[in-house]
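Asks: Before we start, here is the structure in question, set down as structure tokens.
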Amino acid sequence: MPYPTAYHGTGNGGYYIGFIQNTCTADHTYVCKRYAWSMSRIADGPIFNEGHSTHCVPEYSECYNSKGDQRRIYIYDKGIFKNPFNDSHCNKSIKVVVNSSDRNCYYSATTNKVLVSGLKERIVDTMVNNDGQTPRMINGRCLVGAGWCQCKKYVPPSPKPAPVSKNTYNCKGGKSYCIDRCYRKLKDKTWRYSNKKAQIGNTEIKNIYCQTDACQAAFDDFNGTRNSRSSYWRNCKNIITNDFKIYWGFPYTIDDSSIDW
């Protein structure tokens with residue numbers, strides 16, 4: 001059995017993805033087709049197949065890096081060939097859309113040797129660049145569990161609010177005042193669910209949510225105190241949370257202390 005630190009894919013008869021020398025860069029990360037034990041001559045370094053003595057060691061063959069460079073990888077220690085998708089030497093992951101126009105994934109970013117074929121479009125994780133915001137993309141491909149796949153950055157859709165019923169609240173400070181105050185207090189706020197974050201588009205805030213009775217009543221500070229308007233705020237917040245759940249799949253919410261209603 002192979003050392004468990006490399007990623008083991010099961011498609012197309014099985015394959016392995018790992019990086020060497022504790023360097024999680026594209027040219028040090030390899031996609032390998034085969035694994036076996038081999039009698040090899042090992043030098044002082046852990047990866048080379050030449051040296052002073054012969055040992056029976058794990059051998060990964062038909063290995064390609066992002067440039068399509070091929071080599072064999074010999075492992076004398078289980079920590080040498082590591083999983084790039086869950087190791088601390090690699091940057092955090094970012095979501096991408098893969099296989100939207102090309103149903104194949106490849107051994108490398110630059111060659112057309114197919115690793116897995118017949119794949120569907122889906123959202124998966126890949127490594128992020130050093131800027132922490134963009135996916136590591138080479139030649140329009142990203143390294144994911146199925147190999148180097150055609151990819152593009154995943155952009156979550158903005159929530160699409162449900163139709164708003166006719167406004168009946170008579171804003172004590174005037175309708176335009178309530179809408180403006182609601183907009184100023186809700187814009188650029190971060191809503192959260194678990195470790196996920198989201199923001200509402202400014203257009204949706206002003207033209208959808210701040211048009212509702214609940215949100216106008218919550219931010220009409222001519223109509224009682226903050227405490228007396230708290231029930232209106234809860235209703236306003238629930239409208240937004242429900243839309244997040246419907247259109248994003250998660251009930252994003254926000255801490256009351258961060259909103260000055």
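In the structure tokens, chains take letters A, B, ... by order of appearance, with residues numbered from 1 within each chain and ligands from 1 in the order shown.
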I want to know what sits within 7 Å of Pro84 of chain A, based on only C-alpha atoms, with residues of the same chain fewer than 2 positions away left out; could you give that as a short mmCIF file (atom, residue, chain, number, x, y, z; two decimals) with N, CA and C atoms, in the first residue's frame?

Replies:
```cif
data_model
loop_
_atom_site.label_atom_id
_atom_site.label_comp_id
_atom_site.auth_asym_id
_atom_site.auth_seq_id
_atom_site.Cartn_x
_atom_site.Cartn_y
_atom_site.Cartn_z
N GLY A 18 0.77 14.52 -5.29
CA GLY A 18 1.55 14.92 -4.12
C GLY A 18 2.60 15.95 -4.49
N PHE A 19 3.20 16.56 -3.46
CA PHE A 19 4.29 17.51 -3.71
C PHE A 19 5.53 17.06 -2.95
N CYS A 24 5.18 23.41 -1.99
CA CYS A 24 3.87 23.20 -2.61
C CYS A 24 3.67 24.16 -3.78
N LYS A 82 3.54 14.49 -0.25
CA LYS A 82 2.42 14.90 0.59
C LYS A 82 1.22 15.35 -0.23
N ASN A 86 -4.42 19.24 1.69
CA ASN A 86 -4.67 19.38 3.13
C ASN A 86 -3.40 19.56 3.94
N ASP A 87 -2.32 20.04 3.33
CA ASP A 87 -1.06 20.18 4.04
C ASP A 87 -0.77 21.65 4.34
N CYS A 90 0.92 24.25 1.95
CA CYS A 90 0.18 24.81 0.83
C CYS A 90 -0.73 25.93 1.31
#
```

Asks: Just want the 9 Å neighbourhood of Ile123 of chain A, counted on only C-alpha atoms, with same-chain residues fewer than 2 positions away dropped. Output as JSON, numbers by chain.

Replies: {"A": [95, 96, 97, 98, 121, 125, 154]}

Asks: Report as a tab-separated table the residues of segment 59-177 of chain A within 12 Å of segment 217-225 of chain A, each with its shortest atom pair and distance in Å (one decimal), using only C-alpha atoms, ordered by chain and increasing residue number.

Replies:
```
residue	atom	partner	partner_atom	distance
A:Asn167	CA	A:Ala217	CA	11.0
A:Thr168	CA	A:Ala217	CA	10.5
A:Tyr169	CA	A:Ala217	CA	7.1
A:Asn170	CA	A:Ala217	CA	8.4
A:Cys171	CA	A:Asp220	CA	6.5
A:Lys172	CA	A:Phe222	CA	5.7
A:Gly173	CA	A:Phe222	CA	5.6
A:Gly174	CA	A:Asp220	CA	8.5
A:Lys175	CA	A:Asp220	CA	9.0
A:Ser176	CA	A:Asp220	CA	10.5
A:Tyr177	CA	A:Asp220	CA	7.9
```

Asks: So the first atom is atom CA of Tyr35 of chain A and the second is atom CA of Asn112 of chain A; what is the distance between them in Å, to one decimal place?

Replies: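 Pair atom CA of Tyr35 of chain A / atom CA of Asn112 of chain A returns 21.8 Å.
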
Asks: So which residues touch Ser66 of chain A within 9 Å, counting only C-alpha atoms, skipping near sequence neighbours fewer than 6 positions away, as an mmCIF file with C-alpha atoms, in the first residue's frame?

Replies:
```
data_model
loop_
_atom_site.group_PDB
_atom_site.id
_atom_site.type_symbol
_atom_site.label_atom_id
_atom_site.label_comp_id
_atom_site.auth_asym_id
_atom_site.auth_seq_id
_atom_site.Cartn_x
_atom_site.Cartn_y
_atom_site.Cartn_z
ATOM 1 C CA ALA A 26 3.092 23.826 -9.273
ATOM 2 C CA ASP A 27 6.449 22.558 -10.563
ATOM 3 C CA HIS A 28 7.066 20.548 -7.359
ATOM 4 C CA THR A 29 3.581 19.009 -7.397
ATOM 5 C CA TYR A 30 3.160 15.788 -9.398
ATOM 6 C CA VAL A 31 0.284 13.717 -10.712
ATOM 7 C CA TYR A 107 -1.842 15.046 -15.851
ATOM 8 C CA SER A 108 -0.432 18.567 -16.234
ATOM 9 C CA ALA A 109 -1.505 22.141 -16.870
ATOM 10 C CA THR A 110 0.192 22.374 -20.255
ATOM 11 C CA THR A 111 -0.150 18.996 -21.982
ATOM 12 C CA ILE A 138 -2.101 27.793 -15.231
ATOM 13 C CA LEU A 143 -5.217 21.389 -9.851
ATOM 14 C CA TRP A 148 -5.497 19.616 -13.853
#
```

Asks: Take atom CA of Lys152 of chain A and atom CA of Asn139 of chain A and report the distance between them in Å, one decimal.

Replies: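 Going from atom CA of Lys152 of chain A over to atom CA of Asn139 of chain A covers 11.2 Å.
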
Asks: Looking at A:Ala146, A:Ala214, A:Cys151, A:Ile240, which one is nearest to Trp191 of chain A, with distances taken over only C-alpha atoms?

Replies: A:Ile240

Asks: Could you write out, as a PyMOL selection string, all the residues of segment 45-175 of chain A that DSSP marks as strand (DSSP E or B)?

Replies: chain A and resi 53-64+70-74+82+93-98+105-106+114-116+122-128+135+138+141-144+147-153

Asks: Of the candidates A:Ala6, A:Cys149, A:Cys215, A:Ala36, which one gets nearest to Ser230 of chain A if we count only C-alpha atoms?

Replies: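 Of the candidates, the smallest distance to Ser230 of chain A is held by A:Cys215.
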
Asks: Write down as an NGL selection string the residues belonging to segment 10-180 of chain A that are assigned helix (DSSP H, G or I) by DSSP computed on the backbone.

Replies: :A and (11-13 or 26-28 or 175-180)

Asks: Which residues, written as an MDAnalysis selection string, have at least one atom at most 6 Å from segment 59-62 of chain A, with only C-alpha atoms counted and residues fewer than 4 positions away on the same chain left out?

Replies: chainID A and resid 32:38 72:74

Asks: Let me see the file: selected residues, N, CA and C atoms, as a PDB file, in the first residue's frame.

Replies:
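The result, written out as result-v3.pdb:
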```pdb
ATOM      1  N   CYS A  32       0.726  11.346 -10.517  1.00  0.00           N
ATOM      2  CA  CYS A  32       1.380  10.073 -10.860  1.00  0.00           C
ATOM      3  C   CYS A  32       0.334   9.002 -11.144  1.00  0.00           C
ATOM      4  N   LYS A  33       0.608   8.198 -12.152  1.00  0.00           N
ATOM      5  CA  LYS A  33      -0.343   7.154 -12.529  1.00  0.00           C
ATOM      6  C   LYS A  33      -0.124   5.870 -11.738  1.00  0.00           C
ATOM      7  N   ARG A  34       1.120   5.497 -11.490  1.00  0.00           N
ATOM      8  CA  ARG A  34       1.383   4.159 -10.948  1.00  0.00           C
ATOM      9  C   ARG A  34       2.151   4.217  -9.642  1.00  0.00           C
ATOM     10  N   TYR A  35       1.932   3.165  -8.845  1.00  0.00           N
ATOM     11  CA  TYR A  35       2.652   2.993  -7.574  1.00  0.00           C
ATOM     12  C   TYR A  35       3.080   1.534  -7.443  1.00  0.00           C
ATOM     13  N   ALA A  36       4.302   1.342  -6.998  1.00  0.00           N
ATOM     14  CA  ALA A  36       4.796  -0.015  -6.753  1.00  0.00           C
ATOM     15  C   ALA A  36       6.026   0.075  -5.867  1.00  0.00           C
ATOM     16  N   TRP A  37       6.429  -1.058  -5.304  1.00  0.00           N
ATOM     17  CA  TRP A  37       7.692  -1.127  -4.584  1.00  0.00           C
ATOM     18  C   TRP A  37       8.796  -1.448  -5.573  1.00  0.00           C
ATOM     19  N   SER A  38       9.968  -0.820  -5.396  1.00  0.00           N
ATOM     20  CA  SER A  38      11.034  -0.965  -6.367  1.00  0.00           C
ATOM     21  C   SER A  38      12.384  -1.053  -5.669  1.00  0.00           C
ATOM     22  N   ARG A  72      10.240   9.765 -12.236  1.00  0.00           N
ATOM     23  CA  ARG A  72       9.854   8.804 -11.215  1.00  0.00           C
ATOM     24  C   ARG A  72      10.146   9.420  -9.858  1.00  0.00           C
ATOM     25  N   ILE A  73       9.361   9.051  -8.871  1.00  0.00           N
ATOM     26  CA  ILE A  73       9.585   9.558  -7.522  1.00  0.00           C
ATOM     27  C   ILE A  73       9.756   8.372  -6.587  1.00  0.00           C
ATOM     28  N   TYR A  74      10.900   8.317  -5.922  1.00  0.00           N
ATOM     29  CA  TYR A  74      11.190   7.254  -4.967  1.00  0.00           C
ATOM     30  C   TYR A  74      11.078   7.828  -3.556  1.00  0.00           C
TER      31      TYR A  74
END
```

Asks: So how far away is atom CA of Gly147 of chain A from atom CA of Leu115 of chain A, in Å?

Replies: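 Atom CA of Gly147 of chain A lies 6.7 Å from atom CA of Leu115 of chain A.
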
Asks: Which of these residues is nearest to Lys196 of chain A, using only C-alpha atoms: A:Ile254, A:Ile259, A:Ile80, A:Ile17?

Replies: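 The answer is A:Ile254, which sits nearest to Lys196 of chain A.
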